[in-house]
$ cat data07.pdb   # PDB, C-alpha atoms
MODEL        1
ATOM      1  CA  MET A  61     -19.152 -31.062   8.500
ATOM      2  CA  LEU A  62     -19.104 -28.915  11.655
ATOM      3  CA  LEU A  63     -21.650 -26.582  10.099
ATOM      4  CA  ALA A  64     -23.982 -29.475   9.289
ATOM      5  CA  ILE A  65     -23.807 -30.725  12.879
ATOM      6  CA  PHE A  66     -24.389 -27.207  14.147
ATOM      7  CA  LEU A  67     -27.541 -26.737  12.076
ATOM      8  CA  ALA A  68     -28.956 -30.066  13.271
ATOM      9  CA  ILE A  69     -28.811 -29.096  16.939
ATOM     10  CA  PRO A  70     -32.217 -28.196  18.440
ATOM     11  CA  GLY A  71     -32.759 -24.531  19.261
ATOM     12  CA  PRO A  72     -32.823 -24.884  23.075
ATOM     13  CA  LEU A  73     -29.259 -26.207  23.117
ATOM     14  CA  PHE A  74     -27.988 -22.708  22.495
ATOM     15  CA  MET A  75     -24.876 -23.168  24.637
ATOM     16  CA  LEU A  76     -23.713 -26.007  22.425
ATOM     17  CA  ARG A  77     -24.523 -23.911  19.373
ATOM     18  CA  ALA A  78     -22.397 -21.077  20.726
ATOM     19  CA  PHE A  79     -19.531 -23.462  21.464
ATOM     20  CA  LEU A  80     -19.592 -24.808  17.919
ATOM     21  CA  VAL A  81     -19.649 -21.297  16.493
ATOM     22  CA  LEU A  82     -16.521 -20.551  18.499
ATOM     23  CA  CYS A  83     -14.858 -23.744  17.282
ATOM     24  CA  ILE A  84     -15.660 -22.973  13.653
ATOM     25  CA  ALA A  85     -14.391 -19.407  13.991
ATOM     26  CA  THR A  86     -11.180 -20.596  15.658
ATOM     27  CA  CYS A  87     -10.626 -23.208  12.969
ATOM     28  CA  CYS A  88     -11.095 -20.622  10.211
ATOM     29  CA  TRP A  89      -8.700 -18.234  11.924
ATOM     30  CA  GLN A  90      -6.054 -20.949  12.266
ATOM     31  CA  ILE A  91      -6.382 -21.884   8.585
ATOM     32  CA  ALA A  92      -6.061 -18.230   7.578
ATOM     33  CA  ALA A  93      -3.072 -17.743   9.869
ATOM     34  CA  ALA A  94      -1.367 -20.849   8.498
ATOM     35  CA  HIS A  95      -1.941 -19.618   4.966
ATOM     36  CA  ALA A  96      -0.476 -16.229   5.859
ATOM     37  CA  GLU A  97       2.601 -17.840   7.364
ATOM     38  CA  ALA A  98       3.059 -19.972   4.251
ATOM     39  CA  CYS A  99       3.293 -16.986   1.915
ATOM     40  CA  SER A 100       6.575 -16.119   0.258
ATOM     41  CA  ALA A 101       7.494 -12.439   0.457
ATOM     42  CA  ILE A 102       9.067 -10.698  -2.534
ATOM     43  CA  ASP A 103      12.133  -8.485  -2.213
ATOM     44  CA  PHE A 104      11.376  -5.856  -4.851
ATOM     45  CA  MET A 105      14.786  -4.263  -4.462
ATOM     46  CA  ALA A 106      16.536  -7.500  -5.394
ATOM     47  CA  MET A 107      14.214  -9.241  -7.859
ATOM     48  CA  PRO A 108      15.514  -9.372 -11.460
ATOM     49  CA  LEU A 109      14.199  -6.517 -13.575
ATOM     50  CA  PRO A 110      11.911  -7.482 -16.461
ATOM     51  CA  GLN A 111      13.179  -7.188 -20.012
ATOM     52  CA  THR A 112      10.074  -7.613 -22.112
ATOM     53  CA  GLY A 113      10.526  -4.726 -24.493
ATOM     54  CA  HIS A 114       7.415  -3.000 -23.169
ATOM     55  CA  PRO A 115       7.560   0.592 -21.926
ATOM     56  CA  PRO A 116       9.033   0.752 -18.395
ATOM     57  CA  GLU A 117       5.658   1.633 -16.861
ATOM     58  CA  ILE A 118       4.053  -1.502 -18.298
ATOM     59  CA  GLU A 119       7.044  -3.662 -17.397
ATOM     60  CA  ALA A 120       6.765  -2.439 -13.806
ATOM     61  CA  LEU A 121       3.026  -3.130 -13.643
ATOM     62  CA  LEU A 122       3.263  -6.660 -15.026
ATOM     63  CA  ALA A 123       6.189  -7.551 -12.762
ATOM     64  CA  ALA A 124       4.530  -6.112  -9.661
ATOM     65  CA  TYR A 125       1.178  -7.824 -10.318
ATOM     66  CA  PRO A 126       1.774 -11.056 -12.288
ATOM     67  CA  ASP A 127      -1.946 -11.778 -12.621
ATOM     68  CA  LEU A 128      -2.484  -8.667 -14.742
ATOM     69  CA  LEU A 129      -3.201  -9.316 -18.403
ATOM     70  CA  LEU A 130      -2.003  -6.977 -21.133
ATOM     71  CA  SER A 131      -4.088  -6.570 -24.270
ATOM     72  CA  ALA A 132      -2.578  -7.690 -27.563
ATOM     73  CA  ASP A 133      -1.994  -4.099 -28.632
ATOM     74  CA  GLY A 134      -0.459  -3.184 -25.275
ATOM     75  CA  THR A 135      -2.953  -0.422 -24.525
ATOM     76  CA  ALA A 136      -5.160  -1.967 -21.807
ATOM     77  CA  ILE A 137      -4.963  -4.231 -18.769
ATOM     78  CA  SER A 138      -7.342  -6.713 -17.187
ATOM     79  CA  VAL A 139      -7.375  -9.146 -14.292
ATOM     80  CA  GLU A 140      -9.526 -11.911 -15.698
ATOM     81  CA  GLY A 141      -9.860 -10.833 -19.308
ATOM     82  CA  SER A 142     -13.517  -9.886 -18.964
ATOM     83  CA  SER A 143     -13.140  -6.152 -18.394
ATOM     84  CA  TRP A 144     -10.322  -4.101 -19.870
ATOM     85  CA  LEU A 145      -8.978  -0.813 -18.515
ATOM     86  CA  PRO A 146      -7.332   1.519 -21.046
ATOM     87  CA  LEU A 147      -3.902   2.582 -19.819
ATOM     88  CA  GLY A 148      -3.962   5.906 -21.597
ATOM     89  CA  THR A 149      -0.698   7.751 -22.047
ATOM     90  CA  ARG A 150       1.853   9.318 -19.750
ATOM     91  CA  ARG A 151       1.010  12.942 -20.455
ATOM     92  CA  GLU A 152       3.033  16.119 -20.099
ATOM     93  CA  ILE A 153       0.728  17.675 -17.530
ATOM     94  CA  ARG A 154       1.067  19.577 -14.287
ATOM     95  CA  ALA A 155       1.168  17.594 -11.074
ATOM     96  CA  GLN A 156      -1.982  19.342  -9.853
ATOM     97  CA  GLN A 157      -3.887  17.921 -12.828
ATOM     98  CA  ALA A 158      -2.400  14.462 -12.371
ATOM     99  CA  LEU A 159      -3.460  14.490  -8.736
ATOM    100  CA  VAL A 160      -7.119  15.034  -9.658
ATOM    101  CA  ALA A 161      -7.568  13.037 -12.874
ATOM    102  CA  PRO A 162      -4.596  10.828 -13.794
ATOM    103  CA  THR A 163      -4.623   8.105 -16.408
ATOM    104  CA  PRO A 164      -3.116   4.800 -15.247
ATOM    105  CA  MET A 165       0.081   5.805 -17.065
ATOM    106  CA  ASP A 166       0.086   9.250 -15.413
ATOM    107  CA  GLN A 167       0.644   7.454 -12.117
ATOM    108  CA  PHE A 168       4.277   7.174 -13.265
ATOM    109  CA  LEU A 169       4.567  10.861 -14.092
ATOM    110  CA  GLN A 170       7.082  11.319 -11.281
ATOM    111  CA  THR A 171       9.684   8.693 -10.433
ATOM    112  CA  TYR A 172       9.698   7.662  -6.804
ATOM    113  CA  PRO A 173      13.158   8.267  -5.248
ATOM    114  CA  LEU A 174      14.461   5.034  -3.763
ATOM    115  CA  GLY A 175      16.600   4.711  -0.675
ATOM    116  CA  THR A 176      17.533   7.036   2.142
ATOM    117  CA  ALA A 177      20.537   8.818   0.653
ATOM    118  CA  PRO A 178      20.380  12.632   0.969
ATOM    119  CA  VAL A 179      19.484  13.107  -2.698
ATOM    120  CA  ALA A 180      16.455  10.837  -2.340
ATOM    121  CA  MET A 181      15.318  12.673   0.763
ATOM    122  CA  GLN A 182      15.757  16.146  -0.732
ATOM    123  CA  GLN A 183      13.686  15.768  -3.911
ATOM    124  CA  ARG A 184      10.500  16.419  -1.971
ATOM    125  CA  LYS A 185      11.458  20.063  -1.644
ATOM    126  CA  ALA A 186      10.295  20.648  -5.231
ATOM    127  CA  PRO A 187       6.690  21.947  -5.214
ATOM    128  CA  PHE A 188       4.147  19.251  -5.990
ATOM    129  CA  PHE A 189       6.731  16.476  -6.107
ATOM    130  CA  ASP A 190       4.430  13.717  -4.831
ATOM    131  CA  PRO A 191       5.227  10.384  -6.568
ATOM    132  CA  GLY A 192       2.565   7.930  -5.485
ATOM    133  CA  ARG A 193      -0.179  10.447  -4.762
ATOM    134  CA  PHE A 194      -1.397  10.203  -8.352
ATOM    135  CA  ARG A 195      -3.986   7.406  -8.208
ATOM    136  CA  ASN A 196      -6.356   6.405 -10.981
ATOM    137  CA  GLY A 197      -9.617   5.290  -9.369
ATOM    138  CA  ARG A 198     -10.511   2.744 -12.039
ATOM    139  CA  PHE A 199      -7.054   1.213 -11.816
ATOM    140  CA  PHE A 200      -7.364   0.781  -8.040
ATOM    141  CA  ALA A 201     -10.870  -0.661  -8.391
ATOM    142  CA  LEU A 202      -9.602  -3.177 -10.951
ATOM    143  CA  LEU A 203      -6.595  -4.144  -8.890
ATOM    144  CA  TRP A 204      -8.197  -4.103  -5.455
ATOM    145  CA  PHE A 205     -11.855  -3.509  -4.544
ATOM    146  CA  THR A 206     -15.028  -1.761  -5.669
ATOM    147  CA  SER A 207     -16.864  -1.901  -2.346
ATOM    148  CA  GLU A 208     -16.150  -1.670   1.355
ATOM    149  CA  ALA A 209     -17.869  -5.006   2.032
ATOM    150  CA  VAL A 210     -15.618  -6.921  -0.353
ATOM    151  CA  ALA A 211     -12.539  -5.146   0.953
ATOM    152  CA  ARG A 212     -13.412  -6.084   4.536
ATOM    153  CA  GLU A 213     -13.718  -9.756   3.623
ATOM    154  CA  SER A 214     -10.044  -9.765   2.612
ATOM    155  CA  LEU A 215      -8.628  -8.232   5.794
ATOM    156  CA  VAL A 216      -6.153  -9.914   8.107
ATOM    157  CA  ARG A 217      -4.376  -8.691  11.209
ATOM    158  CA  VAL A 218      -0.668  -7.952  11.123
ATOM    159  CA  ASP A 219       1.032  -7.667  14.491
ATOM    160  CA  PHE A 220       4.167  -5.657  15.079
ATOM    161  CA  ALA A 221       5.525  -8.494  17.220
ATOM    162  CA  GLY A 222       8.784  -7.800  18.961
ATOM    163  CA  LEU A 223       8.435  -4.069  18.394
ATOM    164  CA  SER A 224       5.211  -3.281  20.229
ATOM    165  CA  GLU A 225       1.842  -4.829  20.971
ATOM    166  CA  ALA A 226       0.210  -2.764  18.234
ATOM    167  CA  ALA A 227      -1.376  -4.211  15.109
ATOM    168  CA  VAL A 228      -3.120  -3.105  11.929
ATOM    169  CA  MET A 229      -5.624  -4.633   9.531
ATOM    170  CA  VAL A 230      -4.619  -4.863   5.869
ATOM    171  CA  THR A 231      -5.755  -6.870   2.874
ATOM    172  CA  ALA A 232      -4.378 -10.330   2.168
ATOM    173  CA  ARG A 233      -5.019  -9.838  -1.555
ATOM    174  CA  ARG A 234      -1.918  -9.953  -3.746
ATOM    175  CA  GLY A 235       0.217 -10.704  -0.698
ATOM    176  CA  VAL A 236      -0.028  -7.275   0.945
ATOM    177  CA  ALA A 237      -0.221  -8.700   4.477
ATOM    178  CA  CYS A 238       2.647 -11.066   3.680
ATOM    179  CA  GLN A 239       4.797  -8.182   2.434
ATOM    180  CA  LEU A 240       4.023  -6.093   5.514
ATOM    181  CA  ARG A 241       4.966  -8.967   7.817
ATOM    182  CA  ALA A 242       8.244  -9.338   5.946
ATOM    183  CA  ALA A 243       9.037  -5.634   6.352
ATOM    184  CA  VAL A 244       8.356  -5.806  10.081
ATOM    185  CA  ALA A 245      10.369  -9.025  10.453
ATOM    186  CA  ARG A 246      13.320  -7.331   8.763
ATOM    187  CA  LEU A 247      13.336  -4.809  11.620
ATOM    188  CA  GLU A 248      12.714  -7.085  14.567
ATOM    189  CA  GLY A 249      16.345  -8.073  14.884
ATOM    190  CA  ARG A 250      17.352  -4.461  15.358
ATOM    191  CA  PRO A 251      15.140  -3.167  18.156
ATOM    192  CA  SER A 252      15.916   0.187  19.659
ATOM    193  CA  GLU A 253      14.005   2.793  21.582
ATOM    194  CA  VAL A 254      13.519   4.899  18.456
ATOM    195  CA  LEU A 255      12.604   1.961  16.245
ATOM    196  CA  THR A 256      10.095   0.669  18.765
ATOM    197  CA  ALA A 257       8.534   4.112  19.046
ATOM    198  CA  ALA A 258       7.821   4.151  15.304
ATOM    199  CA  PHE A 259       5.454   1.214  15.740
ATOM    200  CA  HIS A 260       3.900   2.433  18.967
ATOM    201  CA  ALA A 261       0.232   3.433  18.673
ATOM    202  CA  PRO A 262       0.051   3.139  14.863
ATOM    203  CA  GLY A 263      -2.420   5.390  13.081
ATOM    204  CA  GLY A 264      -4.082   2.370  11.502
ATOM    205  CA  GLY A 265      -4.459   0.330   8.360
ATOM    206  CA  PHE A 266      -7.753  -0.347   6.569
ATOM    207  CA  ASN A 267     -10.219   2.542   6.620
ATOM    208  CA  TRP A 268     -12.776   2.940   3.847
ATOM    209  CA  ARG A 269     -12.839   6.713   3.496
ATOM    210  CA  ARG A 270     -12.335   9.640   1.172
ATOM    211  CA  ILE A 271      -9.212  11.776   1.174
ATOM    212  CA  GLY A 272      -9.925  14.956   3.103
ATOM    213  CA  GLY A 273     -11.348  17.681   0.895
ATOM    214  CA  THR A 274     -11.799  15.376  -2.126
ATOM    215  CA  ASP A 275     -14.131  12.712  -3.486
ATOM    216  CA  ARG A 276     -11.216  10.305  -4.073
ATOM    217  CA  LEU A 277     -10.848   7.138  -2.024
ATOM    218  CA  SER A 278      -7.826   6.937   0.246
ATOM    219  CA  ALA A 279      -5.318   4.127  -0.272
ATOM    220  CA  HIS A 280      -6.384   2.972   3.196
ATOM    221  CA  SER A 281      -9.761   2.048   1.664
ATOM    222  CA  TYR A 282      -8.125  -0.823  -0.181
ATOM    223  CA  GLY A 283      -6.227  -2.152   2.825
ATOM    224  CA  ILE A 284      -2.860  -1.430   1.178
ATOM    225  CA  ALA A 285      -1.691   1.430   3.422
ATOM    226  CA  VAL A 286      -0.589   1.710   7.030
ATOM    227  CA  ASP A 287       0.107   4.702   9.224
ATOM    228  CA  LEU A 288       2.773   4.318  11.886
ATOM    229  CA  ASN A 289       3.260   6.633  14.865
ATOM    230  CA  ALA A 290       1.739   9.971  13.822
ATOM    231  CA  GLU A 291       3.768  11.858  16.410
ATOM    232  CA  LEU A 292       6.986  10.810  14.673
ATOM    233  CA  GLY A 293       5.813  11.124  11.085
ATOM    234  CA  GLY A 294       3.819  14.306  10.782
ATOM    235  CA  TYR A 295       1.375  15.451   8.093
ATOM    236  CA  TRP A 296       1.650  18.548   5.913
ATOM    237  CA  ARG A 297      -1.863  19.857   6.604
ATOM    238  CA  TRP A 298      -1.164  19.825  10.336
ATOM    239  CA  SER A 299       1.811  22.127   9.761
ATOM    240  CA  GLY A 300      -0.371  24.954   8.494
ATOM    241  CA  ALA A 301       1.563  25.111   5.204
ATOM    242  CA  GLU A 302      -0.107  26.158   1.977
ATOM    243  CA  GLU A 303      -0.503  23.671  -0.859
ATOM    244  CA  GLY A 304       2.551  23.680  -3.101
ATOM    245  CA  GLN A 305       4.538  25.656  -0.562
ATOM    246  CA  VAL A 306       5.411  23.023   1.997
ATOM    247  CA  GLY A 307       8.881  23.484   3.403
ATOM    248  CA  ALA A 308      11.124  21.263   5.477
ATOM    249  CA  TYR A 309       9.666  19.067   8.170
ATOM    250  CA  ASP A 310      11.052  17.150  11.102
ATOM    251  CA  THR A 311      10.353  13.475  10.548
ATOM    252  CA  ARG A 312      11.510  11.090  13.219
ATOM    253  CA  ILE A 313      10.550   7.897  11.413
ATOM    254  CA  PRO A 314      13.809   5.869  11.445
ATOM    255  CA  LEU A 315      15.377   5.488   8.023
ATOM    256  CA  GLN A 316      15.795   1.755   8.718
ATOM    257  CA  VAL A 317      12.001   1.551   8.624
ATOM    258  CA  VAL A 318      11.881   3.301   5.259
ATOM    259  CA  ASP A 319      14.475   0.914   3.789
ATOM    260  CA  ALA A 320      12.660  -2.165   5.081
ATOM    261  CA  PHE A 321       9.272  -1.053   3.787
ATOM    262  CA  GLU A 322      10.600  -0.085   0.352
ATOM    263  CA  THR A 323      12.323  -3.452   0.071
ATOM    264  CA  TYR A 324       8.944  -5.156   0.289
ATOM    265  CA  GLY A 325       7.024  -2.814  -1.988
ATOM    266  CA  PHE A 326       5.811   0.038   0.224
ATOM    267  CA  ILE A 327       6.475   3.650  -0.729
ATOM    268  CA  TRP A 328       6.812   6.298   1.992
ATOM    269  CA  GLY A 329       4.721   9.460   2.173
ATOM    270  CA  GLY A 330       7.633  11.185   3.858
ATOM    271  CA  LYS A 331       9.195  11.645   0.424
ATOM    272  CA  TRP A 332       6.298  13.733  -0.832
ATOM    273  CA  HIS A 333       6.348  17.515  -0.997
ATOM    274  CA  HIS A 334       2.965  17.294   0.722
ATOM    275  CA  PHE A 335       4.492  15.003   3.304
ATOM    276  CA  ASP A 336       2.630  12.266   5.135
ATOM    277  CA  GLY A 337       5.479  10.971   7.241
ATOM    278  CA  MET A 338       3.525   8.257   9.026
ATOM    279  CA  HIS A 339       2.159   6.785   5.775
ATOM    280  CA  PHE A 340       3.406   3.683   3.934
ATOM    281  CA  GLU A 341       1.535   2.397   0.894
ATOM    282  CA  TYR A 342       1.924  -0.840  -1.066
ATOM    283  CA  ARG A 343       2.904   0.277  -4.575
ATOM    284  CA  PRO A 344       5.506  -2.224  -5.828
ATOM    285  CA  GLU A 345       5.026  -0.985  -9.384
ATOM    286  CA  LEU A 346       6.531   2.359  -8.349
ATOM    287  CA  ILE A 347       9.480   0.656  -6.658
ATOM    288  CA  LEU A 348      10.169  -1.399  -9.788
ATOM    289  CA  HIS A 349       9.618   1.550 -12.107
ATOM    290  CA  ALA A 350      12.230   3.531 -10.164
ATOM    291  CA  ARG A 351      14.723   0.684 -10.509
ATOM    292  CA  ILE A 352      14.023   0.318 -14.233
ATOM    293  CA  ALA A 353      14.390   4.060 -14.761
ATOM    294  CA  ALA A 354      17.717   4.069 -12.914
ATOM    295  CA  ASN A 355      18.910   1.116 -15.002
ATOM    296  CA  MET A 356      18.104   2.987 -18.231
ATOM    297  CA  ARG A 357      20.350   5.956 -17.430
TER     298      ARG A 357
ENDMDL
END
$ encode --input "data07.pdb" --output "structure tokens"
Amino acid sequence: MLLAIFLAIPGPLFMLRAFLVLCIATCCWQIAAAHAEACSAIDFMAMPLPQTGHPPEIEALLAAYPDLLLSADGTAISVEGSSWLPLGTRREIRAQQALVAPTPMDQFLQTYPLGTAPVAMQQRKAPFFDPGRFRNGRFFALLWFTSEAVARESLVRVDFAGLSEAAVMVTARRGVACQLRAAVARLEGRPSEVLTAAFHAPGGGFNWRRIGGTDRLSAHSYGIAVDLNAELGGYWRWSGAEEGQVGAYDTRIPLQVVDAFETYGFIWGGKWHHFDGMHFEYRPELILHARIAANMR
């Protein structure tokens, strides 16, 4: 209705036109904000594990993304049933190969270590232990976006209220923004100088770009990744280390942050051999797969 009134206004009344544009924009923002507040975050560390009889990788995928469809023979997935992506197999291949050309199932080649116990934090010392860095491009295009324009249309702002005045832009698709808000809210009741510093001057959220030195899209391109304070997190390339020979590093990202983000589906790049200590990425399928794997032992 507002748009119809706006279009009927004669051209010279540009001030009124501008006012109505502002009103429409404000109304849209309020509707989007209300929708965001109404979302229900999922605690992936507490949700019941699926028991479908499918392989653990498929169980994790279907539980993490309930709108995914599995083909009758269990070999392909789809979102709307019109285009099917073969899952392939989880191959016995080197991590270097999986990094460049993984099948969707190869994304589970390494099990992400949950929690902040010493054993979980020490696994990254193994060369090329990078669970979460193996990303199948077709899988991400199916699940998220195929173009920057479409990705941008889904973005919403997430403020780190109570921790700093910083904010990032992430996608609202599949509840990513809702999950990020829940992770931040989990931390707001425990402010401290160190915790606040982690959210100070964040490195950013959405950024449609390629990973340095490759032709592969970064997880930031899909609006599912956020970088916190780079000064606290660190990045392996900045250390001058050689690939596959990255040693210890001094992360100052509080472990409370890691626990909160994992609870709501975000893996931490600080657990990678090729560490990206500021980086958190929404990959609930890897969180659930780790829980299923632990339950099978």
$ residues_around --input "data07.pdb" --residues "segment 266-273 of chain A" --least-positions-apart "6" --cutoff "7 Å" --atoms "all atoms listed in the file" --output "mmCIF file with C-alpha atoms, in the coordinates of the input"
data_model
loop_
_atom_site.group_PDB
_atom_site.id
_atom_site.type_symbol
_atom_site.label_atom_id
_atom_site.label_comp_id
_atom_site.auth_asym_id
_atom_site.auth_seq_id
_atom_site.Cartn_x
_atom_site.Cartn_y
_atom_site.Cartn_z
ATOM 1 C CA GLU A 208 -16.150 -1.670 1.355
ATOM 2 C CA MET A 229 -5.624 -4.633 9.531
ATOM 3 C CA VAL A 230 -4.619 -4.863 5.869
ATOM 4 C CA HIS A 280 -6.384 2.972 3.196
ATOM 5 C CA SER A 281 -9.761 2.048 1.664
ATOM 6 C CA TYR A 282 -8.125 -0.823 -0.181
ATOM 7 C CA GLY A 283 -6.227 -2.152 2.825
#
$ residues_near_point --input "data07.pdb" --point "(6.9, -5.1, -14.2)" --cutoff "7 Å" --atoms "only C-alpha atoms" --output "count of residues only"
10
$ resolve_selection --input "data07.pdb" --expression "the PyMOL selection byres ((chain A and resi 232) around 9)" --output "short mmCIF file (atom, residue, chain, number, x, y, z; two decimals) with C-alpha atoms, in the frame of the given file"
data_model
loop_
_atom_site.label_atom_id
_atom_site.label_comp_id
_atom_site.auth_asym_id
_atom_site.auth_seq_id
_atom_site.Cartn_x
_atom_site.Cartn_y
_atom_site.Cartn_z
CA ALA A 96 -0.48 -16.23 5.86
CA SER A 214 -10.04 -9.76 2.61
CA LEU A 215 -8.63 -8.23 5.79
CA VAL A 216 -6.15 -9.91 8.11
CA VAL A 230 -4.62 -4.86 5.87
CA THR A 231 -5.76 -6.87 2.87
CA ARG A 233 -5.02 -9.84 -1.56
CA ARG A 234 -1.92 -9.95 -3.75
CA GLY A 235 0.22 -10.70 -0.70
CA VAL A 236 -0.03 -7.28 0.94
CA ALA A 237 -0.22 -8.70 4.48
CA CYS A 238 2.65 -11.07 3.68
CA GLY A 283 -6.23 -2.15 2.82
#
$ resolve_selection --input "data07.pdb" --expression "the PyMOL selection byres ((chain A and resi 309) around 12)" --output "count of residues only"
29
$ resolve_selection --input "data07.pdb" --expression "the PyMOL selection byres ((chain A and resi 195) around 9)" --output "list of chain:residue names"
A:Ala158, A:Leu159, A:Val160, A:Ala161, A:Pro162, A:Thr163, A:Pro164, A:Asp166, A:Gln167, A:Gly192, A:Arg193, A:Phe194, A:Asn196, A:Gly197, A:Arg198, A:Phe199, A:Phe200, A:Arg276, A:Ala279
$ closest_residue --input "data07.pdb" --among "A:Val139, A:Ile102, A:Ala226, A:Leu109" --to "Arg351 of chain A" --atoms "only C-alpha atoms"
A:Leu109
$ residues_around --input "data07.pdb" --residues "Ala177 of chain A" --least-positions-apart "3" --cutoff "12 Å" --atoms "all atoms listed in the file" --output "list in words"
Pro173, Leu174, Ala180, Met181, Gln182, Gln183, Leu315, Gln316, Val318, Asp319 and Lys331 of chain A
$ atom_distance --input "data07.pdb" --atom1 "atom CA of Gln305 of chain A" --atom2 "atom CA of Ile153 of chain A"
19.1 Å
$ atom_distance --input "data07.pdb" --atom1 "atom CA of Arg150 of chain A" --atom2 "atom CA of Ala132 of chain A"
19.2 Å
$ atom_distance --input "data07.pdb" --atom1 "atom CA of Ser278 of chain A" --atom2 "atom CA of Pro187 of chain A"
21.6 Å
$ residues_around --input "data07.pdb" --residues "Met356 of chain A" --least-positions-apart "4" --cutoff "12 Å" --atoms "all atoms listed in the file" --output "list in words"
Leu109, Gln111, Pro115, Pro116, His349, Ala350, Arg351 and Ile352 of chain A
$ closest_residue --input "data07.pdb" --among "A:Leu223, A:Ala186, A:Leu288, A:Met105" --to "Glu253 of chain A" --atoms "all atoms listed in the file"
A:Leu223
